[in-house]
Each structure stands twice: as structure tokens, then as C-alpha cells.
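Q: Dropping in entry-v5.cif, with mmCIF, N, CA and C atoms and all ligand atoms.
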```
data_entry
loop_
_atom_site.group_PDB
_atom_site.id
_atom_site.type_symbol
_atom_site.label_atom_id
_atom_site.label_comp_id
_atom_site.auth_asym_id
_atom_site.auth_seq_id
_atom_site.Cartn_x
_atom_site.Cartn_y
_atom_site.Cartn_z
ATOM 1 N N MET A 1 23.265 -33.815 -91.518
ATOM 2 C CA MET A 1 21.992 -33.830 -92.244
ATOM 3 C C MET A 1 20.846 -33.751 -91.247
ATOM 4 N N SER A 2 20.446 -32.564 -90.887
ATOM 5 C CA SER A 2 19.304 -32.442 -89.988
ATOM 6 C C SER A 2 18.357 -31.404 -90.569
ATOM 7 N N GLU A 3 17.543 -31.863 -91.504
ATOM 8 C CA GLU A 3 16.552 -30.982 -92.106
ATOM 9 C C GLU A 3 15.469 -30.667 -91.091
ATOM 10 N N PRO A 4 15.138 -29.412 -90.962
ATOM 11 C CA PRO A 4 14.061 -29.088 -90.022
ATOM 12 C C PRO A 4 12.717 -29.518 -90.565
ATOM 13 N N GLU A 5 11.828 -29.837 -89.656
ATOM 14 C CA GLU A 5 10.443 -30.071 -90.045
ATOM 15 C C GLU A 5 9.730 -28.730 -89.999
ATOM 16 N N ILE A 6 8.884 -28.496 -90.986
ATOM 17 C CA ILE A 6 8.200 -27.205 -91.071
ATOM 18 C C ILE A 6 6.727 -27.422 -90.821
ATOM 19 N N TYR A 7 6.236 -26.837 -89.745
ATOM 20 C CA TYR A 7 4.798 -26.894 -89.484
ATOM 21 C C TYR A 7 4.404 -25.755 -88.557
ATOM 22 N N CYS A 8 3.104 -25.470 -88.546
ATOM 23 C CA CYS A 8 2.575 -24.352 -87.769
ATOM 24 C C CYS A 8 2.806 -24.582 -86.280
ATOM 25 N N PRO A 9 3.402 -23.617 -85.599
ATOM 26 C CA PRO A 9 3.608 -23.782 -84.160
ATOM 27 C C PRO A 9 2.305 -23.754 -83.367
ATOM 28 N N CYS A 10 1.228 -23.323 -83.996
ATOM 29 C CA CYS A 10 -0.054 -23.266 -83.280
ATOM 30 C C CYS A 10 -0.865 -24.543 -83.456
ATOM 31 N N CYS A 11 -0.996 -24.998 -84.713
ATOM 32 C CA CYS A 11 -1.895 -26.124 -84.952
ATOM 33 C C CYS A 11 -1.191 -27.294 -85.621
ATOM 34 N N ALA A 12 0.119 -27.184 -85.822
ATOM 35 C CA ALA A 12 0.924 -28.261 -86.398
ATOM 36 C C ALA A 12 0.539 -28.583 -87.840
ATOM 37 N N TRP A 13 -0.027 -27.610 -88.541
ATOM 38 C CA TRP A 13 -0.341 -27.807 -89.959
ATOM 39 C C TRP A 13 0.945 -27.787 -90.778
ATOM 40 N N TRP A 14 1.048 -28.757 -91.686
ATOM 41 C CA TRP A 14 2.221 -28.852 -92.549
ATOM 42 C C TRP A 14 1.908 -28.189 -93.880
ATOM 43 N N PRO A 15 2.578 -27.116 -94.210
ATOM 44 C CA PRO A 15 2.352 -26.522 -95.526
ATOM 45 C C PRO A 15 2.898 -27.434 -96.616
ATOM 46 N N GLY A 16 2.177 -27.511 -97.708
ATOM 47 C CA GLY A 16 2.609 -28.331 -98.827
ATOM 48 C C GLY A 16 3.206 -27.476 -99.931
ATOM 49 N N GLY A 17 3.754 -28.143 -100.921
ATOM 50 C CA GLY A 17 4.389 -27.427 -102.016
ATOM 51 C C GLY A 17 3.420 -26.609 -102.847
ATOM 52 N N ALA A 18 2.136 -26.939 -102.770
ATOM 53 C CA ALA A 18 1.148 -26.246 -103.593
ATOM 54 C C ALA A 18 0.538 -25.049 -102.860
ATOM 55 N N ASP A 19 0.898 -24.847 -101.606
ATOM 56 C CA ASP A 19 0.319 -23.733 -100.855
ATOM 57 C C ASP A 19 1.016 -22.425 -101.215
ATOM 58 N N ARG A 20 0.227 -21.358 -101.231
ATOM 59 C CA ARG A 20 0.758 -20.062 -101.633
ATOM 60 C C ARG A 20 0.384 -18.988 -100.635
ATOM 61 N N TRP A 21 1.327 -18.105 -100.396
ATOM 62 C CA TRP A 21 1.081 -16.915 -99.585
ATOM 63 C C TRP A 21 1.092 -15.709 -100.529
ATOM 64 N N GLU A 22 0.390 -14.676 -100.133
ATOM 65 C CA GLU A 22 0.341 -13.488 -100.983
ATOM 66 C C GLU A 22 0.991 -12.323 -100.263
ATOM 67 N N CYS A 23 1.865 -11.625 -100.965
ATOM 68 C CA CYS A 23 2.510 -10.438 -100.411
ATOM 69 C C CYS A 23 1.548 -9.261 -100.532
ATOM 70 N N THR A 24 1.300 -8.634 -99.383
ATOM 71 C CA THR A 24 0.343 -7.528 -99.365
ATOM 72 C C THR A 24 1.041 -6.178 -99.224
ATOM 73 N N ARG A 25 2.355 -6.157 -99.425
ATOM 74 C CA ARG A 25 3.109 -4.937 -99.202
ATOM 75 C C ARG A 25 3.023 -4.027 -100.425
ATOM 76 N N ASN A 26 2.519 -2.840 -100.219
ATOM 77 C CA ASN A 26 2.425 -1.837 -101.285
ATOM 78 C C ASN A 26 1.788 -2.400 -102.545
ATOM 79 N N GLY A 27 0.793 -3.251 -102.343
ATOM 80 C CA GLY A 27 0.107 -3.799 -103.500
ATOM 81 C C GLY A 27 0.962 -4.706 -104.353
ATOM 82 N N CYS A 28 1.952 -5.331 -103.745
ATOM 83 C CA CYS A 28 2.878 -6.210 -104.488
ATOM 84 C C CYS A 28 2.113 -7.364 -105.136
ATOM 85 N N GLY A 29 1.357 -8.096 -104.297
ATOM 86 C CA GLY A 29 0.480 -9.119 -104.847
ATOM 87 C C GLY A 29 1.159 -10.402 -105.293
ATOM 88 N N THR A 30 2.457 -10.526 -105.080
ATOM 89 C CA THR A 30 3.143 -11.754 -105.481
ATOM 90 C C THR A 30 2.626 -12.937 -104.667
ATOM 91 N N GLN A 31 2.393 -14.040 -105.333
ATOM 92 C CA GLN A 31 1.998 -15.259 -104.643
ATOM 93 C C GLN A 31 3.103 -16.282 -104.803
ATOM 94 N N TRP A 32 3.494 -16.840 -103.679
ATOM 95 C CA TRP A 32 4.595 -17.814 -103.714
ATOM 96 C C TRP A 32 4.540 -18.644 -102.456
ATOM 97 N N ASN A 33 5.334 -19.677 -102.417
ATOM 98 C CA ASN A 33 5.431 -20.492 -101.211
ATOM 99 C C ASN A 33 6.526 -19.899 -100.337
ATOM 100 N N THR A 34 6.118 -19.365 -99.219
ATOM 101 C CA THR A 34 7.027 -18.582 -98.386
ATOM 102 C C THR A 34 8.142 -19.420 -97.779
ATOM 103 N N PHE A 35 7.965 -20.730 -97.751
ATOM 104 C CA PHE A 35 9.009 -21.558 -97.151
ATOM 105 C C PHE A 35 10.119 -21.908 -98.139
ATOM 106 N N TRP A 36 9.891 -21.574 -99.410
ATOM 107 C CA TRP A 36 10.983 -21.765 -100.369
ATOM 108 C C TRP A 36 12.033 -20.676 -100.199
ATOM 109 N N THR A 37 11.604 -19.550 -99.678
ATOM 110 C CA THR A 37 12.502 -18.391 -99.595
ATOM 111 C C THR A 37 12.714 -17.919 -98.163
ATOM 112 N N ARG A 38 12.253 -18.710 -97.218
ATOM 113 C CA ARG A 38 12.357 -18.340 -95.802
ATOM 114 C C ARG A 38 11.722 -16.980 -95.544
ATOM 115 N N GLY A 39 10.577 -16.776 -96.134
ATOM 116 C CA GLY A 39 9.791 -15.593 -95.834
ATOM 117 C C GLY A 39 10.102 -14.367 -96.678
ATOM 118 N N VAL A 40 10.985 -14.515 -97.674
ATOM 119 C CA VAL A 40 11.322 -13.369 -98.514
ATOM 120 C C VAL A 40 10.443 -13.377 -99.758
ATOM 121 N N CYS A 41 9.752 -12.258 -99.991
ATOM 122 C CA CYS A 41 8.916 -12.151 -101.181
ATOM 123 C C CYS A 41 9.797 -12.048 -102.415
ATOM 124 N N PRO A 42 9.612 -12.936 -103.394
ATOM 125 C CA PRO A 42 10.441 -12.869 -104.606
ATOM 126 C C PRO A 42 10.069 -11.695 -105.500
ATOM 127 N N GLY A 43 8.923 -11.076 -105.232
ATOM 128 C CA GLY A 43 8.497 -9.957 -106.063
ATOM 129 C C GLY A 43 9.148 -8.645 -105.660
ATOM 130 N N CYS A 44 9.134 -8.350 -104.348
ATOM 131 C CA CYS A 44 9.646 -7.060 -103.892
ATOM 132 C C CYS A 44 10.814 -7.203 -102.925
ATOM 133 N N GLY A 45 11.148 -8.436 -102.573
ATOM 134 C CA GLY A 45 12.307 -8.648 -101.726
ATOM 135 C C GLY A 45 12.063 -8.371 -100.254
ATOM 136 N N HIS A 46 10.818 -8.140 -99.893
ATOM 137 C CA HIS A 46 10.525 -7.873 -98.485
ATOM 138 C C HIS A 46 10.571 -9.166 -97.689
ATOM 139 N N GLN A 47 11.236 -9.107 -96.532
ATOM 140 C CA GLN A 47 11.266 -10.301 -95.688
ATOM 141 C C GLN A 47 10.157 -10.216 -94.659
ATOM 142 N N TRP A 48 9.293 -11.212 -94.695
ATOM 143 C CA TRP A 48 8.186 -11.281 -93.756
ATOM 144 C C TRP A 48 8.636 -12.006 -92.506
ATOM 145 N N ARG A 49 8.603 -11.268 -91.384
ATOM 146 C CA ARG A 49 9.049 -11.885 -90.136
ATOM 147 C C ARG A 49 7.997 -12.849 -89.614
ATOM 148 N N ASN A 50 6.744 -12.518 -89.865
ATOM 149 C CA ASN A 50 5.675 -13.385 -89.384
ATOM 150 C C ASN A 50 4.995 -14.057 -90.563
ATOM 151 N N THR A 51 4.672 -15.299 -90.370
ATOM 152 C CA THR A 51 4.033 -16.076 -91.423
ATOM 153 C C THR A 51 2.671 -16.525 -90.946
ATOM 154 N N ALA A 52 1.664 -16.258 -91.751
ATOM 155 C CA ALA A 52 0.312 -16.657 -91.395
ATOM 156 C C ALA A 52 0.109 -18.120 -91.713
ATOM 157 N N CYS A 53 -0.572 -18.797 -90.819
ATOM 158 C CA CYS A 53 -0.952 -20.182 -91.068
ATOM 159 C C CYS A 53 -2.184 -20.169 -91.961
ATOM 160 N N LEU A 54 -2.157 -20.948 -93.020
ATOM 161 C CA LEU A 54 -3.295 -20.979 -93.934
ATOM 162 C C LEU A 54 -4.441 -21.802 -93.370
ATOM 163 N N ARG A 55 -4.209 -22.512 -92.298
ATOM 164 C CA ARG A 55 -5.280 -23.303 -91.715
ATOM 165 C C ARG A 55 -5.907 -22.604 -90.506
ATOM 166 N N CYS A 56 -5.074 -22.250 -89.494
ATOM 167 C CA CYS A 56 -5.660 -21.668 -88.281
ATOM 168 C C CYS A 56 -5.638 -20.144 -88.317
ATOM 169 N N GLY A 57 -4.893 -19.549 -89.273
ATOM 170 C CA GLY A 57 -4.920 -18.108 -89.428
ATOM 171 C C GLY A 57 -4.029 -17.339 -88.473
ATOM 172 N N GLU A 58 -3.311 -18.030 -87.602
ATOM 173 C CA GLU A 58 -2.438 -17.350 -86.649
ATOM 174 C C GLU A 58 -1.153 -16.901 -87.340
ATOM 175 N N PHE A 59 -0.672 -15.720 -86.944
ATOM 176 C CA PHE A 59 0.629 -15.260 -87.413
ATOM 177 C C PHE A 59 1.679 -15.684 -86.407
ATOM 178 N N SER A 60 2.707 -16.320 -86.889
ATOM 179 C CA SER A 60 3.792 -16.748 -86.020
ATOM 180 C C SER A 60 5.109 -16.320 -86.643
ATOM 181 N N PRO A 61 6.111 -16.040 -85.819
ATOM 182 C CA PRO A 61 7.429 -15.718 -86.369
ATOM 183 C C PRO A 61 7.883 -16.815 -87.324
ATOM 184 N N HIS A 62 8.442 -16.403 -88.459
ATOM 185 C CA HIS A 62 8.791 -17.390 -89.485
ATOM 186 C C HIS A 62 9.706 -18.477 -88.928
ATOM 187 N N SER A 63 10.650 -18.055 -88.078
ATOM 188 C CA SER A 63 11.621 -19.023 -87.573
ATOM 189 C C SER A 63 10.963 -20.067 -86.676
ATOM 190 N N SER A 64 9.819 -19.723 -86.080
ATOM 191 C CA SER A 64 9.205 -20.681 -85.171
ATOM 192 C C SER A 64 8.476 -21.794 -85.920
ATOM 193 N N TRP A 65 8.402 -21.675 -87.252
ATOM 194 C CA TRP A 65 7.813 -22.755 -88.051
ATOM 195 C C TRP A 65 8.810 -23.893 -88.264
ATOM 196 N N TYR A 66 10.073 -23.605 -88.045
ATOM 197 C CA TYR A 66 11.102 -24.616 -88.281
ATOM 198 C C TYR A 66 11.363 -25.359 -86.978
ATOM 199 N N HIS A 67 11.225 -26.653 -87.042
ATOM 200 C CA HIS A 67 11.406 -27.467 -85.846
ATOM 201 C C HIS A 67 12.548 -28.429 -86.114
ATOM 202 N N TYR A 68 13.632 -28.190 -85.449
ATOM 203 C CA TYR A 68 14.814 -29.023 -85.663
ATOM 204 C C TYR A 68 14.724 -30.259 -84.788
ATOM 205 N N PRO A 69 15.096 -31.374 -85.349
ATOM 206 C CA PRO A 69 15.048 -32.598 -84.549
ATOM 207 C C PRO A 69 16.006 -32.508 -83.374
ATOM 208 N N ASP A 70 15.670 -33.263 -82.367
ATOM 209 C CA ASP A 70 16.519 -33.259 -81.181
ATOM 210 C C ASP A 70 17.901 -33.767 -81.542
ATOM 211 N N PRO A 71 18.900 -33.322 -80.826
ATOM 212 C CA PRO A 71 20.248 -33.829 -81.086
ATOM 213 C C PRO A 71 20.293 -35.338 -80.940
ATOM 214 N N GLN A 72 21.227 -35.915 -81.646
ATOM 215 C CA GLN A 72 21.355 -37.372 -81.617
ATOM 216 C C GLN A 72 21.400 -37.901 -80.198
ATOM 217 N N GLU A 73 20.584 -38.920 -79.987
ATOM 218 C CA GLU A 73 20.588 -39.514 -78.652
ATOM 219 C C GLU A 73 21.420 -40.779 -78.613
ATOM 220 N N SER A 74 22.071 -41.070 -79.748
ATOM 221 C CA SER A 74 22.846 -42.303 -79.806
ATOM 222 C C SER A 74 24.216 -42.145 -79.146
ATOM 223 N N GLU A 75 24.546 -40.903 -78.830
ATOM 224 C CA GLU A 75 25.840 -40.704 -78.190
ATOM 225 C C GLU A 75 25.886 -41.396 -76.838
ATOM 226 N N ALA A 76 27.022 -41.862 -76.517
ATOM 227 C CA ALA A 76 27.171 -42.529 -75.220
ATOM 228 C C ALA A 76 26.975 -41.497 -74.120
ATOM 229 N N PRO A 77 26.297 -41.902 -73.088
ATOM 230 C CA PRO A 77 26.115 -40.955 -71.983
ATOM 231 C C PRO A 77 27.453 -40.570 -71.378
ATOM 232 N N GLU A 78 27.492 -39.382 -70.916
ATOM 233 C CA GLU A 78 28.740 -38.890 -70.345
ATOM 234 C C GLU A 78 29.127 -39.731 -69.140
ATOM 235 N N GLN A 79 30.362 -40.067 -69.109
ATOM 236 C CA GLN A 79 30.832 -40.863 -67.977
ATOM 237 C C GLN A 79 30.883 -39.998 -66.726
ATOM 238 N N THR A 80 30.411 -40.593 -65.697
ATOM 239 C CA THR A 80 30.516 -39.885 -64.423
ATOM 240 C C THR A 80 31.907 -40.124 -63.860
ATOM 241 N N ARG A 81 32.564 -39.061 -63.623
ATOM 242 C CA ARG A 81 33.914 -39.222 -63.093
ATOM 243 C C ARG A 81 33.830 -39.493 -61.582
ATOM 244 N N ILE A 82 34.462 -40.541 -61.228
ATOM 245 C CA ILE A 82 34.423 -40.900 -59.796
ATOM 246 C C ILE A 82 35.655 -40.302 -59.111
ATOM 247 N N VAL A 83 35.381 -39.451 -58.242
ATOM 248 C CA VAL A 83 36.475 -38.812 -57.505
ATOM 249 C C VAL A 83 36.506 -39.395 -56.102
ATOM 250 N N GLN A 84 37.630 -39.927 -55.810
ATOM 251 C CA GLN A 84 37.752 -40.505 -54.470
ATOM 252 C C GLN A 84 37.915 -39.386 -53.456
ATOM 253 N N ALA A 85 37.017 -39.425 -52.535
ATOM 254 C CA ALA A 85 37.118 -38.417 -51.496
ATOM 255 C C ALA A 85 38.212 -38.804 -50.523
ATOM 256 N N GLY A 86 38.973 -37.860 -50.176
ATOM 257 C CA GLY A 86 40.047 -38.149 -49.211
ATOM 258 C C GLY A 86 39.471 -38.561 -47.875
ATOM 259 N N SER A 87 40.002 -39.628 -47.347
ATOM 260 C CA SER A 87 39.460 -40.132 -46.104
ATOM 261 C C SER A 87 40.101 -39.441 -44.902
HETATM 262 ZN ZN ZN B 101 -1.894 -23.108 -87.691
HETATM 263 ZN ZN ZN B 102 6.180 -8.481 -102.289
#
```
Written as C-alpha cells, that's how I'd like the structure from this file.
Ligand SMILES: [Zn+2]
Ligand SMILES: [Zn+2]
A:
Amino acid sequence: MSEPEIYCPCCAWWPGGADRWECTRNGCGTQWNTFWTRGVCPGCGHQWRNTACLRCGEFSPHSSWYHYPDPQESEAPEQTRIVQAGS
């Protein structure tokens, strides 16, 4: 269970469920929340590789909006193997 956190890689803005993006491809005009579909327009099926931030206006690759938590740090540190050097 490691849900990614979704926020703008430029300004760390968190999109909410009420935010909408508009598809501008061939006059499609569909408005939807792009993070529900990982950047795929439900109107025309076009996958948007870059997602505009509604706050700072920067376009960033869609995948860079997903921030996965660091791997568990609770694991025991790797044991250092002690090798006896031949005398
Ligand atoms: Zn931003
Ligand atoms: Zn579209």
C-alpha cells in the first residue's frame, strides 16, 4: 500500500477533486480531473503527456506529478559481513 502523493513538481500545489483541466485537442473541450485518468481525456481518449499546473501554470510531465514515498526505512540495516583477513 504505497499510494503516491500528487502535487506540482514546480510549486508543490495539490490538485483537489474539484479541479478541472480542459482538453484543447481538435476542439474537444472536455473538462475533467486529469488525475482520475492519469492524463487521458475521457472525451477523445488522447493521453496528455504534460499536465499544466492550475496554480503556477508550468507544464510538467504527468508522471512527475506522482511522488512515491520513500521505501520503508523500518527494515533492519544490512549486516556488514566481517571477513577475516588472512594474517
Ligand atoms: Zn505548480
Ligand atoms: Zn479530448
Q: May I ask for the distance between atom CA of Ala52 of chain A and atom CA of Arg38 of chain A, given in Å to one decimal place?
A: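 One can read the atom CA of Ala52 of chain A to atom CA of Arg38 of chain A distance as 12.9 Å.
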Q: Would you kindly translate the PyMOL selection byres (((not hetatm) and name CA) within 9 of (chain B and resi 101)) into the concrete residues it picks from this file, as a ChimeraX atom specification?
A: /A:7-14,52-60
Q: Would you mind exporting N, CA and C atoms of the selected residues as a short mmCIF file (atom, residue, chain, number, x, y, z; two decimals), in the coordinates of the input?
A:
```
data_model
loop_
_atom_site.label_atom_id
_atom_site.label_comp_id
_atom_site.auth_asym_id
_atom_site.auth_seq_id
_atom_site.Cartn_x
_atom_site.Cartn_y
_atom_site.Cartn_z
N TYR A 7 6.24 -26.84 -89.74
CA TYR A 7 4.80 -26.89 -89.48
C TYR A 7 4.40 -25.76 -88.56
N CYS A 8 3.10 -25.47 -88.55
CA CYS A 8 2.58 -24.35 -87.77
C CYS A 8 2.81 -24.58 -86.28
N PRO A 9 3.40 -23.62 -85.60
CA PRO A 9 3.61 -23.78 -84.16
C PRO A 9 2.31 -23.75 -83.37
N CYS A 10 1.23 -23.32 -84.00
CA CYS A 10 -0.05 -23.27 -83.28
C CYS A 10 -0.86 -24.54 -83.46
N CYS A 11 -1.00 -25.00 -84.71
CA CYS A 11 -1.90 -26.12 -84.95
C CYS A 11 -1.19 -27.29 -85.62
N ALA A 12 0.12 -27.18 -85.82
CA ALA A 12 0.92 -28.26 -86.40
C ALA A 12 0.54 -28.58 -87.84
N TRP A 13 -0.03 -27.61 -88.54
CA TRP A 13 -0.34 -27.81 -89.96
C TRP A 13 0.94 -27.79 -90.78
N TRP A 14 1.05 -28.76 -91.69
CA TRP A 14 2.22 -28.85 -92.55
C TRP A 14 1.91 -28.19 -93.88
N ALA A 52 1.66 -16.26 -91.75
CA ALA A 52 0.31 -16.66 -91.40
C ALA A 52 0.11 -18.12 -91.71
N CYS A 53 -0.57 -18.80 -90.82
CA CYS A 53 -0.95 -20.18 -91.07
C CYS A 53 -2.18 -20.17 -91.96
N LEU A 54 -2.16 -20.95 -93.02
CA LEU A 54 -3.30 -20.98 -93.93
C LEU A 54 -4.44 -21.80 -93.37
N ARG A 55 -4.21 -22.51 -92.30
CA ARG A 55 -5.28 -23.30 -91.72
C ARG A 55 -5.91 -22.60 -90.51
N CYS A 56 -5.07 -22.25 -89.49
CA CYS A 56 -5.66 -21.67 -88.28
C CYS A 56 -5.64 -20.14 -88.32
N GLY A 57 -4.89 -19.55 -89.27
CA GLY A 57 -4.92 -18.11 -89.43
C GLY A 57 -4.03 -17.34 -88.47
N GLU A 58 -3.31 -18.03 -87.60
CA GLU A 58 -2.44 -17.35 -86.65
C GLU A 58 -1.15 -16.90 -87.34
N PHE A 59 -0.67 -15.72 -86.94
CA PHE A 59 0.63 -15.26 -87.41
C PHE A 59 1.68 -15.68 -86.41
N SER A 60 2.71 -16.32 -86.89
CA SER A 60 3.79 -16.75 -86.02
C SER A 60 5.11 -16.32 -86.64
#
```
Q: Kindly give the distance, in Å, that separates atom N of Trp65 of chain A and atom CA of Gln31 of chain A, rounded to a single decimal.
A: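 Computing the Euclidean distance for atom N of Trp65 of chain A and atom CA of Gln31 of chain A yields 19.6 Å.
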Q: Counting all atoms listed in the file, which residues of chain A fall within 5 Å of ligand ZN 102 (chain B), and what is the closest atom pair for each with its distance in Å at one decimal, ordered by chain and rising number, as CSV?
A:
```
residue,atom,partner,partner_atom,distance
A:Cys23,CA,B:ZN102,ZN,4.6
A:Cys28,CA,B:ZN102,ZN,4.6
A:Cys41,CA,B:ZN102,ZN,4.7
A:Gly43,C,B:ZN102,ZN,4.5
A:Cys44,N,B:ZN102,ZN,3.6
A:Gly45,N,B:ZN102,ZN,5.0
```
Q: If you run DSSP on the backbone, which residues of chain A are strand (DSSP E or B), as a list in words?
A: Glu5, Ile6, Trp21, Glu22, Gln31, Trp32, Val40, Gln47, Asn50, Thr51, Ala52, Phe59, Ser60, Pro61, Tyr66 and His67 of chain A
Q: Which residue gives the smallest distance to Ala18 of chain A among A:Ser2, A:Thr34, A:Ser64, A:Asn50, with only C-alpha atoms counted?
A: A:Thr34
Q: Please return as a list in words: the residues of chain A that backbone DSSP assigns to helix (DSSP H, G or I).
A: Arg25, Asn26, Gly27, His62, Ser63, Ser64 and Trp65 of chain A
Q: Could you expand the PyMOL selection byres (((chain A and resi 67) around 7) and not hetatm) into the explicit residues it covers here, written as a VMD selection string?
A: chain A and resid 3 to 7 63 to 66 68 to 70
Q: Output the selection as a short mmCIF file (atom, residue, chain, number, x, y, z; two decimals), in the frame of the given file - N, CA and C atoms for each residue.
A:
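What follows is the written file out_7.cif:
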```
data_model
loop_
_atom_site.label_atom_id
_atom_site.label_comp_id
_atom_site.auth_asym_id
_atom_site.auth_seq_id
_atom_site.Cartn_x
_atom_site.Cartn_y
_atom_site.Cartn_z
N GLU A 3 17.54 -31.86 -91.50
CA GLU A 3 16.55 -30.98 -92.11
C GLU A 3 15.47 -30.67 -91.09
N PRO A 4 15.14 -29.41 -90.96
CA PRO A 4 14.06 -29.09 -90.02
C PRO A 4 12.72 -29.52 -90.56
N GLU A 5 11.83 -29.84 -89.66
CA GLU A 5 10.44 -30.07 -90.04
C GLU A 5 9.73 -28.73 -90.00
N ILE A 6 8.88 -28.50 -90.99
CA ILE A 6 8.20 -27.20 -91.07
C ILE A 6 6.73 -27.42 -90.82
N TYR A 7 6.24 -26.84 -89.74
CA TYR A 7 4.80 -26.89 -89.48
C TYR A 7 4.40 -25.76 -88.56
N SER A 63 10.65 -18.06 -88.08
CA SER A 63 11.62 -19.02 -87.57
C SER A 63 10.96 -20.07 -86.68
N SER A 64 9.82 -19.72 -86.08
CA SER A 64 9.20 -20.68 -85.17
C SER A 64 8.48 -21.79 -85.92
N TRP A 65 8.40 -21.68 -87.25
CA TRP A 65 7.81 -22.76 -88.05
C TRP A 65 8.81 -23.89 -88.26
N TYR A 66 10.07 -23.60 -88.04
CA TYR A 66 11.10 -24.62 -88.28
C TYR A 66 11.36 -25.36 -86.98
N TYR A 68 13.63 -28.19 -85.45
CA TYR A 68 14.81 -29.02 -85.66
C TYR A 68 14.72 -30.26 -84.79
N PRO A 69 15.10 -31.37 -85.35
CA PRO A 69 15.05 -32.60 -84.55
C PRO A 69 16.01 -32.51 -83.37
N ASP A 70 15.67 -33.26 -82.37
CA ASP A 70 16.52 -33.26 -81.18
C ASP A 70 17.90 -33.77 -81.54
#
```
Q: Work out how far apart atom CA of Pro15 of chain A and atom CA of Gly27 of chain A are and give it in Å to one decimal.
A: 24.2 Å
Q: With all atoms listed in the file as the atoms that count, which of A:Gly17, A:Thr30, A:Arg25, A:Pro71 lies nearest to Pro42 of chain A?
A: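 Closest residue, counting all atoms listed in the file: A:Thr30.
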